[in-house]
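Quick look at final.pdb (PDB, C-alpha atoms):
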ATOM      1  CA  MET A   1     -48.062  -1.756 -39.250  1.00  0.00           C
ATOM      2  CA  PRO A   2     -44.592  -2.710 -37.847  1.00  0.00           C
ATOM      3  CA  ARG A   3     -42.753  -5.562 -39.434  1.00  0.00           C
ATOM      4  CA  PRO A   4     -42.101  -8.241 -36.785  1.00  0.00           C
ATOM      5  CA  TRP A   5     -39.053  -9.668 -38.557  1.00  0.00           C
ATOM      6  CA  ARG A   6     -37.188  -6.334 -38.179  1.00  0.00           C
ATOM      7  CA  PHE A   7     -37.820  -6.306 -34.407  1.00  0.00           C
ATOM      8  CA  PHE A   8     -36.442  -9.815 -33.979  1.00  0.00           C
ATOM      9  CA  SER A   9     -33.464  -9.100 -36.210  1.00  0.00           C
ATOM     10  CA  SER A  10     -32.315  -6.058 -34.195  1.00  0.00           C
ATOM     11  CA  GLY A  11     -33.117  -7.894 -30.951  1.00  0.00           C
ATOM     12  CA  ARG A  12     -30.755 -10.712 -31.918  1.00  0.00           C
ATOM     13  CA  ARG A  13     -27.914  -8.249 -32.509  1.00  0.00           C
ATOM     14  CA  ALA A  14     -28.523  -6.525 -29.173  1.00  0.00           C
ATOM     15  CA  CYS A  15     -28.718  -9.877 -27.411  1.00  0.00           C
ATOM     16  CA  ALA A  16     -25.470 -11.042 -29.059  1.00  0.00           C
ATOM     17  CA  GLY A  17     -23.745  -7.836 -27.919  1.00  0.00           C
ATOM     18  CA  LEU A  18     -25.054  -8.269 -24.389  1.00  0.00           C
ATOM     19  CA  LEU A  19     -23.921 -11.894 -24.272  1.00  0.00           C
ATOM     20  CA  ALA A  20     -20.446 -10.933 -25.514  1.00  0.00           C
ATOM     21  CA  THR A  21     -20.183  -8.251 -22.817  1.00  0.00           C
ATOM     22  CA  LEU A  22     -21.375 -10.622 -20.086  1.00  0.00           C
ATOM     23  CA  GLY A  23     -18.912 -13.256 -21.288  1.00  0.00           C
ATOM     24  CA  LEU A  24     -16.078 -10.757 -20.975  1.00  0.00           C
ATOM     25  CA  VAL A  25     -17.169  -9.624 -17.508  1.00  0.00           C
ATOM     26  CA  PHE A  26     -17.697 -13.141 -16.159  1.00  0.00           C
ATOM     27  CA  GLY A  27     -14.505 -14.334 -17.814  1.00  0.00           C
ATOM     28  CA  LEU A  28     -12.567 -11.762 -15.777  1.00  0.00           C
ATOM     29  CA  LEU A  29     -14.191 -12.603 -12.444  1.00  0.00           C
ATOM     30  CA  PRO A  30     -11.694 -15.338 -11.490  1.00  0.00           C
ATOM     31  CA  ALA A  31      -8.957 -12.672 -11.518  1.00  0.00           C
ATOM     32  CA  CYS A  32     -10.843 -10.659  -8.894  1.00  0.00           C
ATOM     33  CA  GLY A  33     -10.385 -11.380  -5.207  1.00  0.00           C
ATOM     34  CA  SER A  34      -6.743 -12.326  -5.502  1.00  0.00           C
ATOM     35  CA  ASP A  35      -3.850 -10.115  -4.523  1.00  0.00           C
ATOM     36  CA  SER A  36      -3.051  -6.791  -6.191  1.00  0.00           C
ATOM     37  CA  ASN A  37      -0.564  -8.442  -8.553  1.00  0.00           C
ATOM     38  CA  GLY A  38      -3.068 -11.020  -9.790  1.00  0.00           C
ATOM     39  CA  GLY A  39      -1.598 -13.758  -7.594  1.00  0.00           C
ATOM     40  CA  PRO A  40      -3.648 -16.387  -5.836  1.00  0.00           C
ATOM     41  CA  GLY A  41      -3.625 -14.947  -2.306  1.00  0.00           C
ATOM     42  CA  PRO A  42      -2.455 -16.930   0.679  1.00  0.00           C
ATOM     43  CA  THR A  43      -1.730 -20.628   0.524  1.00  0.00           C
ATOM     44  CA  ASN A  44      -1.571 -22.579   3.756  1.00  0.00           C
ATOM     45  CA  THR A  45      -0.859 -19.983   6.489  1.00  0.00           C
ATOM     46  CA  GLY A  46      -3.514 -17.282   6.176  1.00  0.00           C
ATOM     47  CA  GLN A  47      -5.814 -19.237   3.874  1.00  0.00           C
ATOM     48  CA  SER A  48      -9.507 -18.901   4.746  1.00  0.00           C
ATOM     49  CA  CYS A  49     -11.103 -21.921   6.392  1.00  0.00           C
ATOM     50  CA  ALA A  50     -14.095 -23.248   8.266  1.00  0.00           C
ATOM     51  CA  SER A  51     -12.188 -26.073   9.980  1.00  0.00           C
ATOM     52  CA  ALA A  52      -8.575 -27.153  10.547  1.00  0.00           C
ATOM     53  CA  ASP A  53      -8.889 -30.102   8.151  1.00  0.00           C
ATOM     54  CA  GLN A  54      -9.037 -27.577   5.279  1.00  0.00           C
ATOM     55  CA  CYS A  55      -5.588 -26.209   6.188  1.00  0.00           C
ATOM     56  CA  TYR A  56      -2.212 -27.274   4.764  1.00  0.00           C
ATOM     57  CA  PRO A  57      -3.557 -29.685   2.124  1.00  0.00           C
ATOM     58  CA  GLY A  58      -0.131 -30.094   0.491  1.00  0.00           C
ATOM     59  CA  VAL A  59       1.671 -31.052   3.706  1.00  0.00           C
ATOM     60  CA  LYS A  60       1.913 -34.677   4.781  1.00  0.00           C
ATOM     61  CA  ALA A  61       0.084 -35.510   8.006  1.00  0.00           C
ATOM     62  CA  GLY A  62       2.312 -35.234  11.051  1.00  0.00           C
ATOM     63  CA  GLU A  63       4.974 -33.049   9.384  1.00  0.00           C
ATOM     64  CA  LEU A  64       3.808 -29.658  10.717  1.00  0.00           C
ATOM     65  CA  GLN A  65       5.674 -28.559  13.833  1.00  0.00           C
ATOM     66  CA  GLY A  66       2.324 -28.287  15.644  1.00  0.00           C
ATOM     67  CA  ASP A  67      -1.315 -29.146  14.986  1.00  0.00           C
ATOM     68  CA  ALA A  68      -3.163 -27.218  12.280  1.00  0.00           C
ATOM     69  CA  VAL A  69      -5.712 -24.676  13.505  1.00  0.00           C
ATOM     70  CA  CYS A  70      -8.467 -22.654  11.836  1.00  0.00           C
ATOM     71  CA  LEU A  71      -8.649 -19.408  13.831  1.00  0.00           C
ATOM     72  CA  ASP A  72     -12.348 -18.588  13.905  1.00  0.00           C
ATOM     73  CA  LYS A  73     -11.744 -15.210  15.589  1.00  0.00           C
ATOM     74  CA  VAL A  74     -10.545 -14.018  12.184  1.00  0.00           C
ATOM     75  CA  SER A  75     -13.241 -13.152   9.640  1.00  0.00           C
ATOM     76  CA  GLY A  76     -13.500 -16.036   7.151  1.00  0.00           C
ATOM     77  CA  GLY A  77     -11.191 -18.213   9.256  1.00  0.00           C
ATOM     78  CA  TYR A  78      -7.381 -18.217   9.168  1.00  0.00           C
ATOM     79  CA  CYS A  79      -5.264 -21.337   8.642  1.00  0.00           C
ATOM     80  CA  THR A  80      -2.251 -21.572  10.915  1.00  0.00           C
ATOM     81  CA  HIS A  81      -0.652 -24.072  13.277  1.00  0.00           C
ATOM     82  CA  TYR A  82       0.665 -24.174  16.807  1.00  0.00           C
ATOM     83  CA  CYS A  83       4.336 -23.301  17.308  1.00  0.00           C
ATOM     84  CA  THR A  84       6.835 -22.526  20.059  1.00  0.00           C
ATOM     85  CA  GLN A  85       9.395 -20.530  18.033  1.00  0.00           C
ATOM     86  CA  ASP A  86       9.772 -18.888  14.603  1.00  0.00           C
ATOM     87  CA  SER A  87      11.690 -21.865  13.206  1.00  0.00           C
ATOM     88  CA  ASP A  88       8.595 -24.070  13.694  1.00  0.00           C
ATOM     89  CA  CYS A  89       6.905 -22.040  10.947  1.00  0.00           C
ATOM     90  CA  CYS A  90       7.765 -23.171   7.394  1.00  0.00           C
ATOM     91  CA  ALA A  91       9.627 -26.215   8.759  1.00  0.00           C
ATOM     92  CA  ALA A  92       7.579 -28.824   6.848  1.00  0.00           C
ATOM     93  CA  ALA A  93       8.026 -29.514   3.140  1.00  0.00           C
ATOM     94  CA  GLY A  94       5.325 -27.693   1.147  1.00  0.00           C
ATOM     95  CA  GLU A  95       4.187 -25.615   4.115  1.00  0.00           C
ATOM     96  CA  CYS A  96       5.231 -22.177   2.835  1.00  0.00           C
ATOM     97  CA  ALA A  97       5.131 -20.781  -0.680  1.00  0.00           C
ATOM     98  CA  GLY A  98       8.028 -18.479  -1.524  1.00  0.00           C
ATOM     99  CA  ALA A  99      10.727 -17.196   0.779  1.00  0.00           C
ATOM    100  CA  ARG A 100       8.519 -14.997   2.934  1.00  0.00           C
ATOM    101  CA  ALA A 101       9.114 -15.064   6.657  1.00  0.00           C
ATOM    102  CA  GLU A 102       6.577 -16.333   9.143  1.00  0.00           C
ATOM    103  CA  VAL A 103       6.683 -15.649  12.857  1.00  0.00           C
ATOM    104  CA  CYS A 104       5.427 -17.506  15.909  1.00  0.00           C
ATOM    105  CA  SER A 105       3.291 -15.333  18.163  1.00  0.00           C
ATOM    106  CA  PRO A 106       0.340 -15.446  20.543  1.00  0.00           C
ATOM    107  CA  PHE A 107      -2.939 -14.207  19.088  1.00  0.00           C
ATOM    108  CA  GLU A 108      -5.017 -11.675  21.043  1.00  0.00           C
ATOM    109  CA  SER A 109      -3.235 -12.292  24.356  1.00  0.00           C
ATOM    110  CA  THR A 110      -3.898 -16.027  24.556  1.00  0.00           C
ATOM    111  CA  ALA A 111      -1.236 -18.394  25.812  1.00  0.00           C
ATOM    112  CA  ASP A 112      -1.312 -20.327  22.514  1.00  0.00           C
ATOM    113  CA  MET A 113       1.318 -19.498  19.883  1.00  0.00           C
ATOM    114  CA  TYR A 114       0.597 -19.652  16.123  1.00  0.00           C
ATOM    115  CA  CYS A 115       2.428 -19.080  12.825  1.00  0.00           C
ATOM    116  CA  PHE A 116       1.626 -15.905  10.848  1.00  0.00           C
ATOM    117  CA  LEU A 117       3.014 -14.260   7.708  1.00  0.00           C
ATOM    118  CA  SER A 118       5.347 -11.576   9.051  1.00  0.00           C
ATOM    119  CA  CYS A 119       5.242  -7.910   8.003  1.00  0.00           C
ATOM    120  CA  GLU A 120       7.894  -6.778  10.472  1.00  0.00           C
ATOM    121  CA  ASP A 121      10.348  -4.121   9.298  1.00  0.00           C
ATOM    122  CA  SER A 122      13.266  -6.564   9.205  1.00  0.00           C
ATOM    123  CA  ASP A 123      11.337  -8.816   6.804  1.00  0.00           C
ATOM    124  CA  LEU A 124      10.230  -5.942   4.549  1.00  0.00           C
ATOM    125  CA  GLU A 125      13.879  -4.825   4.266  1.00  0.00           C
ATOM    126  CA  LYS A 126      14.548  -8.101   2.389  1.00  0.00           C
ATOM    127  CA  THR A 127      12.155  -7.020  -0.391  1.00  0.00           C
ATOM    128  CA  THR A 128      11.632  -4.003  -2.632  1.00  0.00           C
ATOM    129  CA  ILE A 129       8.326  -3.216  -0.881  1.00  0.00           C
ATOM    130  CA  THR A 130       8.627  -0.601   1.858  1.00  0.00           C
ATOM    131  CA  ASP A 131       4.981  -0.251   2.947  1.00  0.00           C
ATOM    132  CA  ALA A 132       3.833  -3.012   5.328  1.00  0.00           C
ATOM    133  CA  ASP A 133       0.202  -2.969   4.155  1.00  0.00           C
ATOM    134  CA  GLN A 134       1.310  -3.156   0.509  1.00  0.00           C
ATOM    135  CA  TYR A 135       3.531  -6.107   1.420  1.00  0.00           C
ATOM    136  CA  CYS A 136       0.500  -7.903   2.900  1.00  0.00           C
ATOM    137  CA  HIS A 137      -1.659  -7.010  -0.125  1.00  0.00           C
ATOM    138  CA  THR A 138       1.019  -8.417  -2.425  1.00  0.00           C
ATOM    139  CA  TYR A 139       1.873 -11.642  -0.600  1.00  0.00           C
ATOM    140  CA  ALA A 140      -1.317 -12.467   1.321  1.00  0.00           C
ATOM    141  CA  GLY A 141      -4.142 -10.792  -0.650  1.00  0.00           C
ATOM    142  CA  VAL A 142      -5.973  -7.501  -1.049  1.00  0.00           C
ATOM    143  CA  GLY A 143      -8.082  -8.123   2.054  1.00  0.00           C
ATOM    144  CA  PHE A 144      -4.974  -8.359   4.245  1.00  0.00           C
ATOM    145  CA  GLY A 145      -3.152  -5.614   6.119  1.00  0.00           C
ATOM    146  CA  CYS A 146      -0.284  -5.417   8.560  1.00  0.00           C
ATOM    147  CA  ARG A 147      -1.453  -5.449  12.168  1.00  0.00           C
ATOM    148  CA  SER A 148      -0.428  -6.483  15.629  1.00  0.00           C
ATOM    149  CA  THR A 149      -1.181  -9.996  16.814  1.00  0.00           C
ATOM    150  CA  GLY A 150      -2.314  -8.481  20.108  1.00  0.00           C
ATOM    151  CA  GLY A 151      -0.036 -10.890  21.918  1.00  0.00           C
ATOM    152  CA  GLY A 152       1.077  -8.650  24.778  1.00  0.00           C
ATOM    153  CA  SER A 153       4.842  -8.638  25.372  1.00  0.00           C
ATOM    154  CA  LYS A 154       5.324 -11.243  22.604  1.00  0.00           C
ATOM    155  CA  ASN A 155       3.384  -9.105  20.111  1.00  0.00           C
ATOM    156  CA  ARG A 156       4.430  -9.327  16.423  1.00  0.00           C
ATOM    157  CA  LYS A 157       3.471  -7.488  13.221  1.00  0.00           C
ATOM    158  CA  VAL A 158       1.671  -9.891  10.861  1.00  0.00           C
ATOM    159  CA  CYS A 159      -0.519  -9.944   7.756  1.00  0.00           C
ATOM    160  CA  MET A 160      -4.153 -10.495   8.722  1.00  0.00           C
ATOM    161  CA  PRO A 161      -7.510  -9.866   7.044  1.00  0.00           C
TER     162      PRO A 161
END
This structure in structure tokens:
Amino acid sequence: MPRPWRFFSSGRRACAGLLATLGLVFGLLPACGSDSNGGPGPTNTGQSCASADQCYPGVKAGELQGDAVCLDKVSGGYCTHYCTQDSDCCAAAGECAGARAEVCSPFESTADMYCFLSCEDSDLEKTTITDADQYCHTYAGVGFGCRSTGGGSKNRKVCMP
């Protein structure tokens, strides 16, 4: 006849090992989903959103050079704001993290102009990264790549999911 105490004893060890493994796996999950260098992904411009009130939380109301917008044509939403020229982007205190360029461009041939993280050749030349998609992965997040805004004659190369 089997001894029940031996079953429970080995079961406890197996359970403890399983719990330790799960703790390690779940402890690492917060590092997933960020950019390829372990960074947080986009802040402000390019951040995912469901509505414009989720965008630019660290910027005082009225300081953006255009109203905040959550572009719903982008999967997961895309925080940006209206602009008329490149200098409107990153003009407010706390709007842009780091010294990465943003550009003002129409999106998908609309008349409206928005700020986007730039991946144009002239902006990549200011870094050690030479591949535009890698630049977007590094500074915007792994789900981002360099693509055209689809803005017709005012088209720009930007980081988008």
(message) Need to verify the contact set: range 116-132 of chain A, 6 Å, all atoms listed in the file, exclusion of same-chain residues closer than 2 positions in sequence. Can you return it as number ranges by chain?
(response) A: 101-103, 134-135, 146, 157-159
(request) Can you work out which one of A:Val59, A:Ala52, A:Cys115, A:Val142 has the shortest atom-to-atom distance to Thr84 in chain A, counting only C-alpha atoms? (result)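 Among the listed residues, A:Cys115 lies closest to Thr84 in chain A.
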(request) Pick out the closest residue to Cys83 in chain A from this set: A:Gly66, A:Arg156, A:Gly145, A:Ala97. Count all atoms listed in the file. (result)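 Smallest distance to Cys83 in chain A is found for A:Gly66.
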(request) Would you write out, as an MDAnalysis selection string, every residue that the PyMOL selection byres ((chain A and resi 68-81) around 9) captures in this file? (result) chainID A and resid 43:56 64:67 82:83 89 113:116 160:161
Box in all listed atoms of range 105-118 of chain A, axis-aligned, with 4 Å more on each side; write out centre and edge lengths in Å to one decimal as AutoDock Vina command-line options.
--center_x 0.2 --center_y -16.0 --center_z 16.8 --size_x 18.4 --size_y 16.8 --size_z 26.1
(request) Find the distance between CA of Pro42 in chain A and CA of Ala93 in chain A and write it in Å to one decimal. (result) 16.6 Å
(message) So the first atom is CA of Ala140 in chain A and the second is CA of Ala111 in chain A; what is the distance between them in Å, to one decimal place?
(response)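 Calculated distance between CA of Ala140 in chain A and CA of Ala111 in chain A is 25.2 Å.
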(request) Rounded to one decimal place, report the CA of Glu63 in chain A-CA of Ala92 in chain A distance in Å. (result)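 Value for the CA of Glu63 in chain A-CA of Ala92 in chain A distance: 5.6 Å.
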(request) Please work out which residues fall within 6 Å of (8.6, -16.9, 15.5), coordinates as given in the file, with all atoms listed in the file counting, and return them as a PyMOL selection string. (result) chain A and resi 85-86+103-104
(message) I'd like to know which of A:Phe107, A:Asp112, A:Asp133, A:Gly98 is closest to Thr149 in chain A, using only C-alpha atoms.
(response)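 Between A:Phe107, A:Asp112, A:Asp133, A:Gly98, the residue approaching Thr149 in chain A most closely is A:Phe107.
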(message) For a quick check of understanding, using only C-alpha atoms, which of A:Lys154, A:Arg100, A:Ser109, A:Gly62 has the smallest distance to Tyr139 in chain A?
(response)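 Result for the nearest residue to Tyr139 in chain A: A:Arg100.
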